[in-house]
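query19.cif, holding mmCIF, C-alpha atoms:
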data_coords
loop_
_atom_site.label_atom_id
_atom_site.label_comp_id
_atom_site.auth_asym_id
_atom_site.auth_seq_id
_atom_site.Cartn_x
_atom_site.Cartn_y
_atom_site.Cartn_z
CA MET J 22 -3.84 6.65 2.55
CA PRO J 23 -3.71 3.59 0.28
CA GLU J 24 -2.89 0.51 2.33
CA LEU J 25 -1.31 -2.77 1.32
CA PRO J 26 -4.28 -4.14 -0.70
CA GLU J 27 -4.58 -0.91 -2.66
CA VAL J 28 -0.85 -0.82 -3.43
CA GLU J 29 -0.94 -4.48 -4.42
CA THR J 30 -3.90 -3.75 -6.71
CA VAL J 31 -1.91 -0.99 -8.41
CA ARG J 32 1.10 -3.33 -8.75
CA ARG J 33 -1.03 -5.94 -10.48
CA GLY J 34 -2.53 -3.33 -12.79
CA LEU J 35 0.85 -1.96 -13.85
CA THR J 36 2.55 -5.34 -14.36
CA PRO J 37 1.07 -6.23 -17.79
CA VAL J 38 2.19 -2.87 -19.21
CA LEU J 39 5.47 -2.11 -17.43
CA GLU J 40 7.09 -5.50 -16.85
CA GLY J 41 9.69 -5.95 -19.57
CA ALA J 42 9.02 -2.49 -21.02
CA ARG J 43 11.63 0.12 -21.90
CA LEU J 44 10.99 3.57 -20.47
CA SER J 45 11.00 6.53 -22.85
CA ARG J 46 9.82 10.15 -23.06
CA VAL J 47 10.05 10.63 -19.29
CA ARG J 48 8.98 14.02 -17.97
CA ILE J 49 8.53 15.64 -14.56
CA ASN J 50 6.94 19.03 -14.05
CA ARG J 51 8.39 20.01 -10.67
CA PRO J 52 11.55 19.30 -8.65
CA ASP J 53 9.83 17.44 -5.85
CA LEU J 54 6.87 15.59 -4.44
CA ARG J 55 7.05 14.92 -0.71
CA PHE J 56 10.82 14.72 -1.21
CA PRO J 57 12.91 15.99 -4.13
CA PHE J 58 13.12 13.73 -7.15
CA PRO J 59 16.51 11.97 -7.31
CA GLU J 60 19.35 13.76 -9.05
CA ARG J 61 19.17 13.22 -12.85
CA PHE J 62 15.95 11.27 -12.34
CA VAL J 63 14.73 11.60 -15.92
CA GLU J 64 18.11 10.65 -17.44
CA ARG J 65 18.44 7.62 -15.16
CA LEU J 66 14.99 6.31 -16.10
CA GLU J 67 15.04 6.91 -19.84
CA GLY J 68 16.21 3.87 -21.76
CA ALA J 69 15.98 1.57 -18.74
CA THR J 70 13.95 -1.64 -18.92
CA VAL J 71 11.61 -2.52 -16.05
CA LEU J 72 12.52 -6.08 -15.10
CA ARG J 73 9.48 -6.67 -12.89
CA ILE J 74 7.20 -4.90 -10.42
CA ASP J 75 7.42 -5.86 -6.77
CA ARG J 76 5.84 -4.55 -3.58
CA ARG J 77 7.41 -4.20 -0.15
CA ALA J 78 5.01 -3.00 2.55
CA LYS J 79 3.32 0.02 0.89
CA TYR J 80 6.15 0.67 -1.59
CA LEU J 81 6.04 -0.15 -5.30
CA MET J 82 9.47 -1.40 -6.41
CA MET J 83 10.56 -1.68 -10.03
CA PRO J 84 14.04 -3.19 -10.52
CA LEU J 85 15.61 -1.77 -13.67
CA SER J 86 18.13 -3.07 -16.18
CA THR J 87 20.51 -0.34 -15.00
CA GLY J 88 21.05 -1.97 -11.59
CA GLU J 89 18.83 0.53 -9.81
CA THR J 90 15.30 0.09 -8.46
CA TRP J 91 12.63 2.70 -9.07
CA ILE J 92 10.71 3.16 -5.80
CA THR J 93 7.30 4.81 -5.50
CA HIS J 94 5.24 5.49 -2.39
CA LEU J 95 1.71 6.66 -3.20
CA GLY J 96 1.30 8.75 -0.05
CA MET J 97 -2.33 9.78 0.40
CA THR J 98 -3.45 10.71 -3.11
CA GLY J 99 -0.84 9.33 -5.49
CA ARG J 100 -2.04 7.27 -8.44
CA PHE J 101 -0.61 5.87 -11.64
CA THR J 102 -2.66 6.04 -14.81
CA LEU J 103 -2.32 4.18 -18.10
CA ASP J 104 -3.40 5.71 -21.38
CA GLY J 105 -6.17 3.63 -22.90
CA THR J 106 -4.75 3.82 -26.42
CA GLN J 107 -1.54 2.25 -27.60
CA LEU J 108 0.86 4.83 -29.00
CA GLY J 109 3.18 3.98 -31.85
CA GLU J 110 6.75 3.49 -30.62
CA PHE J 111 8.03 6.60 -32.32
CA GLU J 112 5.12 8.88 -31.50
CA GLU J 113 5.60 11.62 -28.97
CA ALA J 114 3.95 10.78 -25.67
CA ALA J 115 1.16 13.10 -24.54
CA PRO J 116 2.47 15.95 -22.36
CA ILE J 117 1.91 16.03 -18.63
CA ALA J 118 -1.85 16.23 -18.13
CA GLY J 119 -3.32 18.65 -15.61
CA LYS J 120 -1.81 20.50 -12.69
CA HIS J 121 -1.77 17.44 -10.41
CA GLU J 122 0.11 15.10 -12.76
CA HIS J 123 3.80 15.37 -11.96
CA PHE J 124 5.33 12.50 -13.97
CA SER J 125 4.67 11.05 -17.42
CA GLY J 126 6.41 8.73 -19.84
CA CYS J 127 6.08 5.88 -22.30
CA ALA J 128 6.46 2.18 -21.61
CA ILE J 129 7.58 0.56 -24.87
CA ARG J 130 7.02 -3.15 -25.27
CA ASP J 131 6.66 -5.33 -28.35
CA GLY J 132 6.92 -2.33 -30.66
CA ALA J 133 4.13 -0.33 -29.05
CA ALA J 134 4.16 2.30 -26.31
CA THR J 135 1.63 2.99 -23.58
CA ARG J 136 1.56 6.36 -21.88
CA ILE J 137 1.94 6.23 -18.10
CA GLY J 138 1.33 9.10 -15.72
CA TYR J 139 1.58 9.75 -12.01
CA ALA J 140 -0.75 12.30 -10.38
CA ASP J 141 -0.65 13.35 -6.73
CA ALA J 142 -2.90 16.22 -5.66
CA ARG J 143 -1.50 16.52 -2.13
CA ARG J 144 2.06 15.48 -3.04
CA PHE J 145 2.57 13.24 0.00
CA GLY J 146 3.87 10.49 -2.27
CA PHE J 147 7.47 10.26 -3.41
CA MET J 148 9.81 8.48 -5.83
CA GLY J 149 13.37 7.29 -5.47
CA LEU J 150 16.11 5.43 -7.30
CA ILE J 151 18.17 3.07 -5.14
CA ALA J 152 20.93 0.65 -6.12
CA THR J 153 19.14 -2.69 -6.21
CA ASP J 154 21.78 -4.45 -4.13
CA GLN J 155 21.42 -1.82 -1.39
CA ILE J 156 17.64 -1.94 -0.91
CA GLU J 157 17.66 -3.88 2.35
CA THR J 158 20.04 -1.42 4.04
CA HIS J 159 18.31 1.73 2.79
CA PRO J 160 16.57 3.74 5.56
CA TRP J 161 13.15 3.27 3.90
CA PHE J 162 13.42 -0.51 4.25
CA LEU J 163 15.85 -1.16 7.07
CA GLY J 164 14.07 -2.71 10.03
CA LEU J 165 10.78 -3.49 8.28
CA GLY J 166 9.02 -6.55 9.64
CA PRO J 167 7.87 -9.52 7.58
CA GLU J 168 5.25 -9.20 4.87
CA PRO J 169 1.82 -10.22 6.25
CA LEU J 170 1.20 -12.35 3.15
CA GLY J 171 4.66 -13.92 3.25
CA ASN J 172 6.02 -17.03 4.91
CA GLY J 173 7.73 -15.00 7.64
CA PHE J 174 4.44 -13.88 9.17
CA SER J 175 2.66 -16.27 11.52
CA GLY J 176 1.18 -16.62 14.97
CA ALA J 177 4.58 -17.75 16.20
CA HIS J 178 6.10 -14.51 14.90
CA LEU J 179 3.48 -12.47 16.78
CA VAL J 180 4.09 -14.45 19.97
CA GLU J 181 7.78 -13.58 19.78
CA ALA J 182 7.23 -9.95 18.74
CA PHE J 183 4.60 -9.31 21.42
CA ALA J 184 6.39 -11.05 24.31
CA GLY J 185 6.19 -8.81 27.40
CA LYS J 186 4.58 -6.00 25.42
CA LYS J 187 2.17 -3.87 27.46
CA GLN J 188 1.14 -1.65 24.56
CA ASN J 189 -2.35 -2.40 23.20
CA ILE J 190 -2.51 -4.88 20.34
CA LYS J 191 -4.05 -2.42 17.85
CA VAL J 192 -1.15 0.03 17.99
CA SER J 193 1.34 -2.83 18.14
CA LEU J 194 0.06 -4.26 14.85
CA LEU J 195 0.56 -0.89 13.19
CA ASP J 196 4.26 -0.96 14.12
CA GLN J 197 5.99 -1.57 10.78
CA ARG J 198 8.89 -3.23 12.59
CA ILE J 199 6.54 -6.00 13.67
CA VAL J 200 4.67 -6.49 10.40
CA ALA J 201 5.23 -4.46 7.23
CA GLY J 202 2.42 -2.79 5.36
CA LEU J 203 -0.50 -3.25 7.74
CA GLY J 204 -2.64 -0.12 7.99
CA ASN J 205 -5.46 1.11 10.17
CA ILE J 206 -8.41 -0.19 8.16
CA TYR J 207 -7.25 -3.78 7.89
CA VAL J 208 -5.98 -4.00 11.47
CA CYS J 209 -9.46 -3.03 12.67
CA GLU J 210 -11.05 -5.61 10.39
CA ALA J 211 -8.61 -8.40 11.30
CA LEU J 212 -9.03 -7.84 15.04
CA TYR J 213 -12.79 -8.01 14.60
CA ARG J 214 -12.60 -11.24 12.63
CA ALA J 215 -10.33 -12.74 15.29
CA ARG J 216 -12.69 -11.45 18.03
CA ILE J 217 -9.83 -9.75 19.89
CA SER J 218 -10.35 -6.42 21.66
CA PRO J 219 -8.10 -3.62 20.39
CA LEU J 220 -7.65 -2.58 24.02
CA VAL J 221 -5.91 -5.74 25.20
CA ALA J 222 -2.16 -5.64 25.91
CA ALA J 223 -0.35 -7.34 23.04
CA GLY J 224 1.79 -9.46 25.35
CA SER J 225 -1.23 -10.91 27.16
CA VAL J 226 -2.87 -12.58 24.15
CA SER J 227 -2.55 -16.35 24.02
CA LYS J 228 -0.66 -18.20 21.31
CA ALA J 229 -3.88 -19.78 20.04
CA ARG J 230 -5.57 -16.40 19.63
CA LEU J 231 -2.49 -14.96 17.91
CA GLU J 232 -2.50 -17.89 15.50
CA ARG J 233 -6.09 -17.05 14.62
CA LEU J 234 -5.21 -13.35 14.33
CA ALA J 235 -2.37 -14.06 11.89
CA SER J 236 -4.75 -16.16 9.80
CA GLU J 237 -7.39 -13.41 9.80
CA VAL J 238 -4.82 -10.77 8.82
CA ARG J 239 -4.01 -12.82 5.73
CA ASN J 240 -7.68 -13.50 5.04
CA VAL J 241 -8.80 -9.89 5.21
CA LEU J 242 -5.89 -8.71 3.04
CA ASN J 243 -6.57 -11.38 0.42
CA ASP J 244 -10.29 -10.56 0.44
CA ALA J 245 -9.51 -6.87 -0.02
CA ILE J 246 -7.07 -7.53 -2.87
CA ALA J 247 -9.67 -9.71 -4.59
CA ALA J 248 -12.12 -6.78 -4.34
CA GLY J 249 -9.60 -4.34 -5.80
CA GLY J 250 -8.88 -2.66 -2.47
CA SER J 251 -10.99 -0.05 -0.71
CA THR J 252 -11.94 3.35 -2.11
CA LEU J 253 -12.79 5.80 0.65
CA ARG J 254 -11.80 9.10 -0.96
CA ASP J 255 -9.05 9.27 -3.57
CA PHE J 256 -7.88 5.74 -4.38
CA ALA J 257 -8.19 4.50 -7.95
CA ASN J 258 -6.34 1.66 -9.65
CA ALA J 259 -4.12 2.04 -12.71
CA GLU J 260 -7.12 1.66 -15.01
CA GLY J 261 -8.99 4.42 -13.16
CA GLY J 262 -11.39 2.04 -11.42
CA GLN J 263 -12.30 2.01 -7.76
CA GLY J 264 -12.01 -0.71 -5.15
CA TYR J 265 -15.10 -2.31 -3.60
CA PHE J 266 -13.96 -3.81 -0.31
CA GLN J 267 -15.35 -0.81 1.64
CA HIS J 268 -18.81 -2.30 1.07
CA ARG J 269 -17.73 -5.34 3.09
CA PHE J 270 -16.28 -3.59 6.15
CA ASP J 271 -17.49 -5.28 9.34
CA VAL J 272 -16.46 -2.48 11.68
CA TYR J 273 -14.38 0.23 9.99
CA GLY J 274 -16.41 3.42 9.57
CA ARG J 275 -19.53 1.78 11.06
CA GLU J 276 -19.72 3.59 14.40
CA GLY J 277 -23.19 3.25 15.96
CA GLU J 278 -24.30 0.52 13.56
CA PRO J 279 -25.25 -3.02 14.65
CA CYS J 280 -22.53 -5.64 14.85
CA ARG J 281 -22.74 -8.09 11.97
CA GLY J 282 -21.62 -11.04 14.08
CA GLU J 283 -24.11 -13.89 14.24
CA GLY J 284 -26.09 -13.67 17.46
CA CYS J 285 -24.35 -10.49 18.61
CA THR J 286 -26.57 -7.61 19.75
CA GLY J 287 -23.68 -5.17 20.15
CA VAL J 288 -23.10 -1.86 18.41
CA VAL J 289 -19.87 -0.83 16.68
CA ALA J 290 -17.90 1.72 18.73
CA ARG J 291 -15.16 4.16 17.81
CA ILE J 292 -12.21 5.11 20.02
CA VAL J 293 -8.88 6.78 19.30
CA GLN J 294 -5.63 4.87 19.78
CA GLY J 295 -2.24 6.24 18.84
CA GLY J 296 -3.94 9.13 17.07
CA ARG J 297 -5.95 6.80 14.80
CA SER J 298 -9.62 5.85 14.87
CA THR J 299 -10.30 2.32 16.04
CA PHE J 300 -13.64 0.68 15.23
CA TYR J 301 -14.68 -2.47 17.08
CA CYS J 302 -17.57 -4.30 18.73
CA PRO J 303 -17.20 -4.19 22.54
CA SER J 304 -19.67 -7.07 22.85
CA CYS J 305 -17.89 -9.73 20.83
CA GLN J 306 -14.27 -8.54 20.79
CA LYS J 307 -13.08 -9.71 24.17
CA LYS J 308 -9.94 -9.01 26.14
#
Kindly present the structure from the file in structure tokens form.
Amino acid sequence: MPELPEVETVRRGLTPVLEGARLSRVRINRPDLRFPFPERFVERLEGATVLRIDRRAKYLMMPLSTGETWITHLGMTGRFTLDGTQLGEFEEAAPIAGKHEHFSGCAIRDGAATRIGYADARRFGFMGLIATDQIETHPWFLGLGPEPLGNGFSGAHLVEAFAGKKQNIKVSLLDQRIVAGLGNIYVCEALYRARISPLVAAGSVSKARLERLASEVRNVLNDAIAAGGSTLRDFANAEGGQGYFQHRFDVYGREGEPCRGEGCTGVVARIVQGGRSTFYCPSCQKK
């Protein structure tokens, strides 16, 4: 499933085309993805202008001139695509392409239109339209923790959130109520960089170590975004390119391989926590 860096990469790829563009020629080829498309989805999008493209956790958010926000979650295999050629404003957009593309349309800006599409082979993604002034109280967003790249996330926040918590720190970091958008890959990598065992109880980690952890969470996410995210199976950005951060994983997916830490002779191990694979170095990630 695309994690925060991958979703942020898609957001940055869509922004030059969609921000300030008027939507036209919208089509869908089925009534639902993971959830049904909103009632009158096509009619509510057509003619609307995309004011900007935001991200909250793993959601893409596009506030519209109509007072609604177009929400997209990519699920496991969802991806936006942009047609490489500029279409004339009054040309008909290309029809939905292929059995896995479920949405298409034109983004018209400065007298030219670019075809956009959304494909999702497994259909675990979904789209919604929510009144912009009701986003924070909508069930998808209510109770989400701070953004890990925002000012609300810090070691002090983790100290408060983890106080008295006996659950292991790995599973605790995946709790979206504590920090929004963190996924399995980058939690493994951040814990390794901070040299904290994924087995330790969250409430037992010192303030100093949590300060370092918060810093490493930001560092690993920024490094991944700079590399265009990670492509393990299906992820591609809006231009069709792949991410490259998977080549820089220190522990994720490296079970049985030597630890890359300077002076460490340990071997990367894999365990299962909360139903997810955890990769770590037992030698240098201490409790």
task: Evaluate the PyMOL selection byres ((chain J and resi 26) around 9) on the structure here and hand back the selected residues as JSON, numbers by chain.
output: {"J": [23, 24, 25, 27, 28, 29, 30, 31, 79, 242, 243, 244, 245, 246, 247, 249, 250, 251]}
query: Which value, in Å to one decimal, gives the distance between atom CA of J:Asp104 and atom CA of J:Gly88?
result: 27.4 Å
message: Quick one: residues within 9 Å of J:Leu165, all atoms listed in the file, excluding same-chain residues fewer than 4 positions away - as an NGL selection string?
response: :J and (78 or 161 or 197-202)
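Note that the spacing between atom CA of J:Tyr139 and atom CA of J:Glu67 amounts to 15.8 Å.
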message: Taking 4 positions as the minimum chain separation for residues in the same chain, which residues sit within 10 Å of J:Ser236 when counting all atoms listed in the file? Answer as a list in words.
response: Pro169, Leu170, Phe174, Ser175, Gly176, Ala211, Arg214, Ala215, Arg230, Leu231, Glu232, Asn240 and Val241 of chain J
Emit the selected residues as a PDB file, in the coordinates of the input, including C-alpha atoms.
ATOM      1  CA  PRO J 169       1.820 -10.220   6.250  1.00  0.00           C
ATOM      2  CA  LEU J 170       1.200 -12.350   3.150  1.00  0.00           C
ATOM      3  CA  PHE J 174       4.440 -13.880   9.170  1.00  0.00           C
ATOM      4  CA  SER J 175       2.660 -16.270  11.520  1.00  0.00           C
ATOM      5  CA  GLY J 176       1.180 -16.620  14.970  1.00  0.00           C
ATOM      6  CA  ALA J 211      -8.610  -8.400  11.300  1.00  0.00           C
ATOM      7  CA  ARG J 214     -12.600 -11.240  12.630  1.00  0.00           C
ATOM      8  CA  ALA J 215     -10.330 -12.740  15.290  1.00  0.00           C
ATOM      9  CA  ARG J 230      -5.570 -16.400  19.630  1.00  0.00           C
ATOM     10  CA  LEU J 231      -2.490 -14.960  17.910  1.00  0.00           C
ATOM     11  CA  GLU J 232      -2.500 -17.890  15.500  1.00  0.00           C
ATOM     12  CA  ASN J 240      -7.680 -13.500   5.040  1.00  0.00           C
ATOM     13  CA  VAL J 241      -8.800  -9.890   5.210  1.00  0.00           C
TER      14      VAL J 241
END
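Using all atoms listed in the file, the set of residues no farther than 12 Å from the position (13.2, 17.4, 0.1) comprises J:Pro52, J:Asp53, J:Leu54, J:Arg55, J:Phe56, J:Pro57, J:Phe58, J:Pro59, J:Glu60, J:Arg144, J:Phe145, J:Gly146, J:Phe147, J:Met148, J:Gly149.
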Selected residues, C-alpha atoms, written as a PDB file, in the frame of the given file, please.
ATOM      1  CA  PRO J  52      11.550  19.300  -8.650  1.00  0.00           C
ATOM      2  CA  ASP J  53       9.830  17.440  -5.850  1.00  0.00           C
ATOM      3  CA  LEU J  54       6.870  15.590  -4.440  1.00  0.00           C
ATOM      4  CA  ARG J  55       7.050  14.920  -0.710  1.00  0.00           C
ATOM      5  CA  PHE J  56      10.820  14.720  -1.210  1.00  0.00           C
ATOM      6  CA  PRO J  57      12.910  15.990  -4.130  1.00  0.00           C
ATOM      7  CA  PHE J  58      13.120  13.730  -7.150  1.00  0.00           C
ATOM      8  CA  PRO J  59      16.510  11.970  -7.310  1.00  0.00           C
ATOM      9  CA  GLU J  60      19.350  13.760  -9.050  1.00  0.00           C
ATOM     10  CA  ARG J 144       2.060  15.480  -3.040  1.00  0.00           C
ATOM     11  CA  PHE J 145       2.570  13.240   0.000  1.00  0.00           C
ATOM     12  CA  GLY J 146       3.870  10.490  -2.270  1.00  0.00           C
ATOM     13  CA  PHE J 147       7.470  10.260  -3.410  1.00  0.00           C
ATOM     14  CA  MET J 148       9.810   8.480  -5.830  1.00  0.00           C
ATOM     15  CA  GLY J 149      13.370   7.290  -5.470  1.00  0.00           C
TER      16      GLY J 149
END
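Distance annotation: of J:Gly138, J:Gly295, J:Pro84, J:Gly282, the residue with the minimal separation from J:His121 is J:Gly138; atom set is all atoms listed in the file.
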Name the residues that the PyMOL selection byres ((chain J and resi 212) around 9) picks from the file above, as a short mmCIF file (atom, residue, chain, number, x, y, z; two decimals) with C-alpha atoms, in the frame of the given file, using the file's chain letters and numbers.
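What follows is the written file out-v8.cif:
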data_model
loop_
_atom_site.label_atom_id
_atom_site.label_comp_id
_atom_site.auth_asym_id
_atom_site.auth_seq_id
_atom_site.Cartn_x
_atom_site.Cartn_y
_atom_site.Cartn_z
CA ILE J 190 -2.51 -4.88 20.34
CA LYS J 191 -4.05 -2.42 17.85
CA TYR J 207 -7.25 -3.78 7.89
CA VAL J 208 -5.98 -4.00 11.47
CA CYS J 209 -9.46 -3.03 12.67
CA GLU J 210 -11.05 -5.61 10.39
CA ALA J 211 -8.61 -8.40 11.30
CA TYR J 213 -12.79 -8.01 14.60
CA ARG J 214 -12.60 -11.24 12.63
CA ALA J 215 -10.33 -12.74 15.29
CA ARG J 216 -12.69 -11.45 18.03
CA ILE J 217 -9.83 -9.75 19.89
CA SER J 218 -10.35 -6.42 21.66
CA PRO J 219 -8.10 -3.62 20.39
CA LEU J 234 -5.21 -13.35 14.33
CA GLU J 237 -7.39 -13.41 9.80
CA VAL J 238 -4.82 -10.77 8.82
CA TYR J 301 -14.68 -2.47 17.08
CA GLN J 306 -14.27 -8.54 20.79
#
All residues 9 Å or closer to J:Arg275, all atoms listed in the file, same chain fewer than 4 positions away omitted, as a PyMOL selection string: chain J and resi 270-271+279-280+288-291+300-301
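If you measure from each of J:Thr286, J:Gln155, J:Ser298, J:Ser86 to J:Gly68 using only C-alpha atoms, the closest one turns out to be J:Ser86.
Taking atom CA of J:Trp91 and atom CA of J:Gly119 as the two end points, the separation is 23.5 Å.
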For the file shown, what are the residues hit by the PyMOL selection byres ((chain J and resi 83) around 8), laid out as a PDB file with C-alpha atoms, keeping the file's coordinate frame?
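The result, written out as out.pdb:
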ATOM      1  CA  VAL J  71      11.610  -2.520 -16.050  1.00  0.00           C
ATOM      2  CA  LEU J  72      12.520  -6.080 -15.100  1.00  0.00           C
ATOM      3  CA  ARG J  73       9.480  -6.670 -12.890  1.00  0.00           C
ATOM      4  CA  ILE J  74       7.200  -4.900 -10.420  1.00  0.00           C
ATOM      5  CA  ASP J  75       7.420  -5.860  -6.770  1.00  0.00           C
ATOM      6  CA  LEU J  81       6.040  -0.150  -5.300  1.00  0.00           C
ATOM      7  CA  MET J  82       9.470  -1.400  -6.410  1.00  0.00           C
ATOM      8  CA  PRO J  84      14.040  -3.190 -10.520  1.00  0.00           C
ATOM      9  CA  LEU J  85      15.610  -1.770 -13.670  1.00  0.00           C
ATOM     10  CA  THR J  90      15.300   0.090  -8.460  1.00  0.00           C
ATOM     11  CA  TRP J  91      12.630   2.700  -9.070  1.00  0.00           C
ATOM     12  CA  ILE J  92      10.710   3.160  -5.800  1.00  0.00           C
TER      13      ILE J  92
END
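Between J:Arg269 and the candidates J:Ile137, J:Ala248, J:Leu220, J:Leu35, the tightest atom-to-atom separation, counting only C-alpha atoms, involves J:Ala248.
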Because the input lacks atoms here, generate N, CA and C atoms for stretch 197-211 of chain J and report them as a compact mmCIF listing (two decimals), in the frame of the given file.
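Written file, rebuild20.txt:
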# COMPACT_ATOMS: atom_id res chain seq x y z
N GLN J 197 5.46 -0.96 12.00
CA GLN J 197 5.99 -1.57 10.78
C GLN J 197 7.21 -2.46 11.04
N ARG J 198 7.79 -2.34 12.23
CA ARG J 198 8.89 -3.23 12.59
C ARG J 198 8.39 -4.62 12.96
N ILE J 199 7.12 -4.72 13.30
CA ILE J 199 6.54 -6.00 13.67
C ILE J 199 5.94 -6.70 12.45
N VAL J 200 5.21 -5.95 11.65
CA VAL J 200 4.67 -6.49 10.40
C VAL J 200 4.60 -5.34 9.41
N ALA J 201 5.09 -5.54 8.21
CA ALA J 201 5.23 -4.46 7.23
C ALA J 201 3.97 -4.31 6.39
N GLY J 202 3.48 -3.08 6.30
CA GLY J 202 2.42 -2.79 5.36
C GLY J 202 1.01 -2.80 5.93
N LEU J 203 0.84 -3.26 7.16
CA LEU J 203 -0.50 -3.25 7.74
C LEU J 203 -0.91 -1.82 8.07
N GLY J 204 -2.13 -1.45 7.70
CA GLY J 204 -2.64 -0.12 7.99
C GLY J 204 -3.87 -0.18 8.86
N ASN J 205 -4.41 0.98 9.17
CA ASN J 205 -5.46 1.11 10.17
C ASN J 205 -6.73 0.35 9.81
N ILE J 206 -7.16 0.46 8.56
CA ILE J 206 -8.41 -0.19 8.16
C ILE J 206 -8.35 -1.69 8.41
N TYR J 207 -7.28 -2.32 7.90
CA TYR J 207 -7.25 -3.78 7.89
C TYR J 207 -6.86 -4.36 9.25
N VAL J 208 -6.20 -3.56 10.09
CA VAL J 208 -5.98 -4.00 11.47
C VAL J 208 -7.31 -4.05 12.21
N CYS J 209 -8.14 -3.02 12.04
CA CYS J 209 -9.46 -3.03 12.67
C CYS J 209 -10.27 -4.24 12.22
N GLU J 210 -10.26 -4.50 10.92
CA GLU J 210 -11.05 -5.61 10.39
C GLU J 210 -10.52 -6.97 10.84
N ALA J 211 -9.19 -7.12 10.88
CA ALA J 211 -8.61 -8.40 11.30
C ALA J 211 -8.87 -8.67 12.78
